[in-house]
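J.: There's a structure below that I have some questions on.
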2 protein chains.
Amino acid sequence: MPSYTAPVRDMQYVIHDVLNASALDIGGYDELEADFTGAILEEAGKIASEVLAPLNAVGDLEGCRLENGVVYTPAGFREAFEKLKEGGWPGLDCDPEYGGQGMPYLLGTAVGEMFISANLAFAMYHGLTHGAYSAIHTHGTEEQKRTYLPRLVSCEWTGTMNLTEPHCGTDLGLMRTKAEPQEDGSYLVTGQKIFISAGDHDMAENIIHLVLARIPGGPEGIKGVSLFIVPKFIVDEDGNPGARNALSVGKIEHKMGIHGNATCVMNYDGATGWLVGEAHKGMRAMFTMMNEARIGVGLQGLAQAEVAYQNALAYAKDRLQGRAVTGAAHPDGPADPLIVHPDIRRSLLAQKSFVEGSRAFALWGATLIDRAHREGDAAADGLVSLLTPVIKGYLTDKGFDMTILAQQVYGGHGYIEEWGMSQFARDARIAMIYEGANGIQALDLVGRKLAADGGKHVMAFFEEIKGFLKAHKEDEALSDDIMAPLKAASKDLQEAGMFFMAEGMKNPNAALSGAYDFMHMMGEVCLGYMWARMAVASTKSLAEGRGDPAFHKAKLTTARYFMARELPSTALHLARIRSGAAPVMELEEAAF
Amino acid sequence: MPSYTAPVRDMQYVIHDVLNASALDIGGYDELEADFTGAILEEAGKIASEVLAPLNAVGDLEGCRLENGVVYTPAGFREAFEKLKEGGWPGLDCDPEYGGQGMPYLLGTAVGEMFISANLAFAMYHGLTHGAYSAIHTHGTEEQKRTYLPRLVSCEWTGTMNLTEPHCGTDLGLMRTKAEPQEDGSYLVTGQKIFISAGDHDMAENIIHLVLARIPGGPEGIKGVSLFIVPKFIVDEDGNPGARNALSVGKIEHKMGIHGNATCVMNYDGATGWLVGEAHKGMRAMFTMMNEARIGVGLQGLAQAEVAYQNALAYAKDRLQGRAVTGAAHPDGPADPLIVHPDIRRSLLAQKSFVEGSRAFALWGATLIDRAHREGDAAADGLVSLLTPVIKGYLTDKGFDMTILAQQVYGGHGYIEEWGMSQFARDARIAMIYEGANGIQALDLVGRKLAADGGKHVMAFFEEIKGFLKAHKEDEALSDDIMAPLKAASKDLQEAGMFFMAEGMKNPNAALSGAYDFMHMMGEVCLGYMWARMAVASTKSLAEGRGDPAFHKAKLTTARYFMARELPSTALHLARIRSGAAPVMELEEAAF
């Protein structure tokens, strides 16, 4: 029932009008002319809306099934995966040396948003493969790269990440899976891993599991964990899948959503594996996958909010119910459409301002990644590392909230599965949990990233906003409605940071009790910054007579909505943060 | 997997320590000694945790099925319903003239919370029956009362509410179902109704449908709607179910949650019905059911949050993961329990302060209903009528949010259905939608209830809080942490009300654009008021050496948490409200 149309115009606007990508002086960006990116985005949008979106409800209803140890994906998934591979989409931003197309991560992000909007459960199969590609590309030996990367880039083989065990998720130091070294340099991996997305399926010839395990005799805790390649079929001398490895699917989980993706319990019973990177340095290699995966998961929040919003908007324009309070908008009809009602508009604007602001935020983050990787720019790397937990935590929390708002627009129909709005909420829910539950993102942000490198990345973040405000301080049209709220919100965020510095030294709980609020606050400031940049870009376009004036006017109106209605929440977060540790830590465990 | 323990101690505390019920001078309240209420609550709690809770997951997994026109409930539901009937629970607060036990609504509310926590889908069967009982009790003829009430009170027969049609939910003026008068005084009802909870099932001999329909020739729109009793089996001269009526179940819906309750499409094909109350005054009669139903639905938000919190708390104490940042809490174990971490405590305290504050709010509301019904007190009736949309809208929005927080505590396991946390969220989601979607509650509050009777009820509400603050202004121990925040929040709410009065006159959209924020803000002030009352009650008990000091200290600590971390959101709502209509109304429909 729901449909999806790729927001190509808005993506083009962000890439060209707002970020001015082709002038950014990042390797490969000079090719990013509007015609070029437009053609790619149009093509990806077609795949998303015509191939992937129609399978979204199918995947939800049918789910995956485990039969005789083999996982079968829902009807149509195999054919769609073939189409994706034929178009070379999985390797869009991969290294040309291994068959990738070498496009910037910026484009990969835009295309990724589309595929995730259309079908999150489906997009995870190649999404996780991309993570495995990155880990091996960064930490693997030359031979490992030659063996695995071309097939991962093409998605002939897919990848997985194996971290969690039944008794340990966040606290990987408790891990029990072990890897015993063999004389030929390989390892025998034994243990049980759970929550393995795309752990098995029928869409690829081979599945390359990246598994964290302990080499016996190594250091205890998290410092004794190593990363291994454990393929489903051991690759033979010709580079083809050979003997079946000693691993199996224990069961597939019955989940709240993303039914189209098999979440497997994986049993490794002396499976042959090969070390990736250094022994006992597995977490470092895994974090390569995790950081990328976290940004990808943030994108899931945005992408599910986008598709939910599109459908809520269509319903609000179509469904006739009640009359505008200021007089019938369509007196000839039996009733006015929902969209005349202020409370429906409030909901739609919350959604619209979130998805457009987040898209700009995610694409800005992608330019930082490209600058870090393609230019070796440490400042960009530090900044995006700071922003990663915000992109993951804030975008998925809010993205889920937006799917709930969208579902609500449908009234009772929103609760009925055939209308499809429930699936968006159920699917979006996982993004708040996996790749580090959002509380862990907040901890990473406040406990680690703020102080990293002497705090210079967060200082750079504030400097960037300060520089932006300074550059536009003469702009009177935007001064009161746009720049002043951004300035106030940014000041709130800085004050929260100063509170953490002053109080956190004395009592770390004073900072950690406010970590979640800080993560949200920083997300709001980032979206506020993006809306201010969009307001500037659209003002300029209007003044120069470029583009569709209605589009740019809508950007300005939505920017004012965001500043007036959403950004003021930074003050609430600051008030909570300033209350310190006592309200949260005082109650004794037995008294809960 | 999840379990439920009835919060008898907390209910007893609210009824006796906080509300001081037996001294309230309301008919029947003098019997409410602590021993008496304690015995009833303990007994109800046993039914809830031993009979209803074990069927919650069964109902979710199995759902209802429609076979040859008959709906079958999940395994075990019939037997549990018999037990409920045997204990006389459905008639607890019903009129003794028709077989009820005549207890105050206050006790019915406390028991209702338990049954809903244990099994929402199940509790709806007798919950809706109670609504039908109330409508017939208030608006029916003597003969109708004699015919239907005893069987509804005992739940030998159950009831339904039939309002929604495929093209109209909120806007019932668009209704098409018609009722043609017959010579014998009955009517023939024809039309289709959707979303009919408990529309059919196998647990009762007869189902009494209350159906809204139009009598041809009557006024157009909402003023031409009448209410009819349309039984599944027409009651014969002996008062027993006789001939099958011309109505049938078209299908049962596939929903996001409450699978154990059959949500039916009902087809009326010239079914025989009898008018309840006056012709064309059906909405008035229906509102009797709706107001009660709305408070009951508010209770659902609280009740689902309670059971989700109980399980999240147990998990947080049990699951070992990571170490307290200030040093290992259990150095001998492999890791510390989740509850040592500040961000987990933040989440648990948000839940705890919500459920305990809401429980007090709901039970306070119940005393107002008792005062209105048993004493004919118009002021109490006006006040609870004002609070009804707040209880419904705020408690269900927040209650759902709390189930999401609780689910999050479980990390990945929260997303796996067998752990049960997903069901609480999926089930709680409906409460934001049915009995008037929460946007409608906000509209009812701001567009109707605020100004009702010249605004005297909202004035009385502010007077009550003012009086409370005045009575406790000498209390220095509570002054800064408790009374000052309540005063500030109440002032924010008053200012929002004044903004609506000043601006809403000029432009109704200026008020309606802030209606949702106002509803939440008022909910927060009500919970703040309850927490202040609990702080006063517990301070008194501690001073007098009554009860368990640990319990009362926990109340004070939780009150301080609520004041420091939750109540400050009133300032954010006020800021949003003051931004007026423009941010919400300015964007043209085509520009979304």
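Scheme for the structure tokens: letters A, B, ... for chains in order shown; per-chain residue numbers from 1; ligand numbers from 1 in order shown.
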Write out as a list of chain:residue names each polymer residue whose atoms come within 12 Å of B:Leu19, counting only C-alpha atoms; drop sequence neighbours fewer than 3 positions from it.

T.: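 These residues fall inside the cut-off: B:Met11, B:Gln12, B:Tyr13, B:Val14, B:Ile15, B:His16, B:Ser22, B:Ala23, B:Leu24, B:Asp25, B:Tyr29, B:Leu32, B:Leu106, B:Arg359, B:Ala360, B:Phe361, B:Ala362, B:Leu363, B:Trp364, B:Gly365, B:Ala366, B:Thr367, B:Leu368, B:Met530, B:Arg533, B:Met534, B:Val536, B:Ala537.
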
J.: Give me the residues near B:Ser490 as a list in words, where near means some atom within 9 Å (using only C-alpha atoms) and where sequence neighbours in that chain fewer than 4 positions away do not count.

T.: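 Returned residues: Phe462, Ile465, Lys466, Pro485, Leu486, Gln494, Glu495, Met522, Val525, Gly528, Tyr529 and Thr570 of chain B.
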
J.: Kindly provide, as a PyMOL selection string, the residues of chain B having any atom no farther than 7 Å from an atom of chain A, counting only C-alpha atoms.

T.: chain B and resi 168+170-171+253-256+321-322+342-343+345-346+408+411-412+415-417+422+430+433-434+437+439+509+512-513+550-551+554+557+560-561+564-565+568-569+572+576+579+583-585+587+591

J.: Mind giving me the straight-line distance from atom CA of B:Phe400 to atom CA of B:Gly59 in Å, one decimal?

T.: 19.6 Å
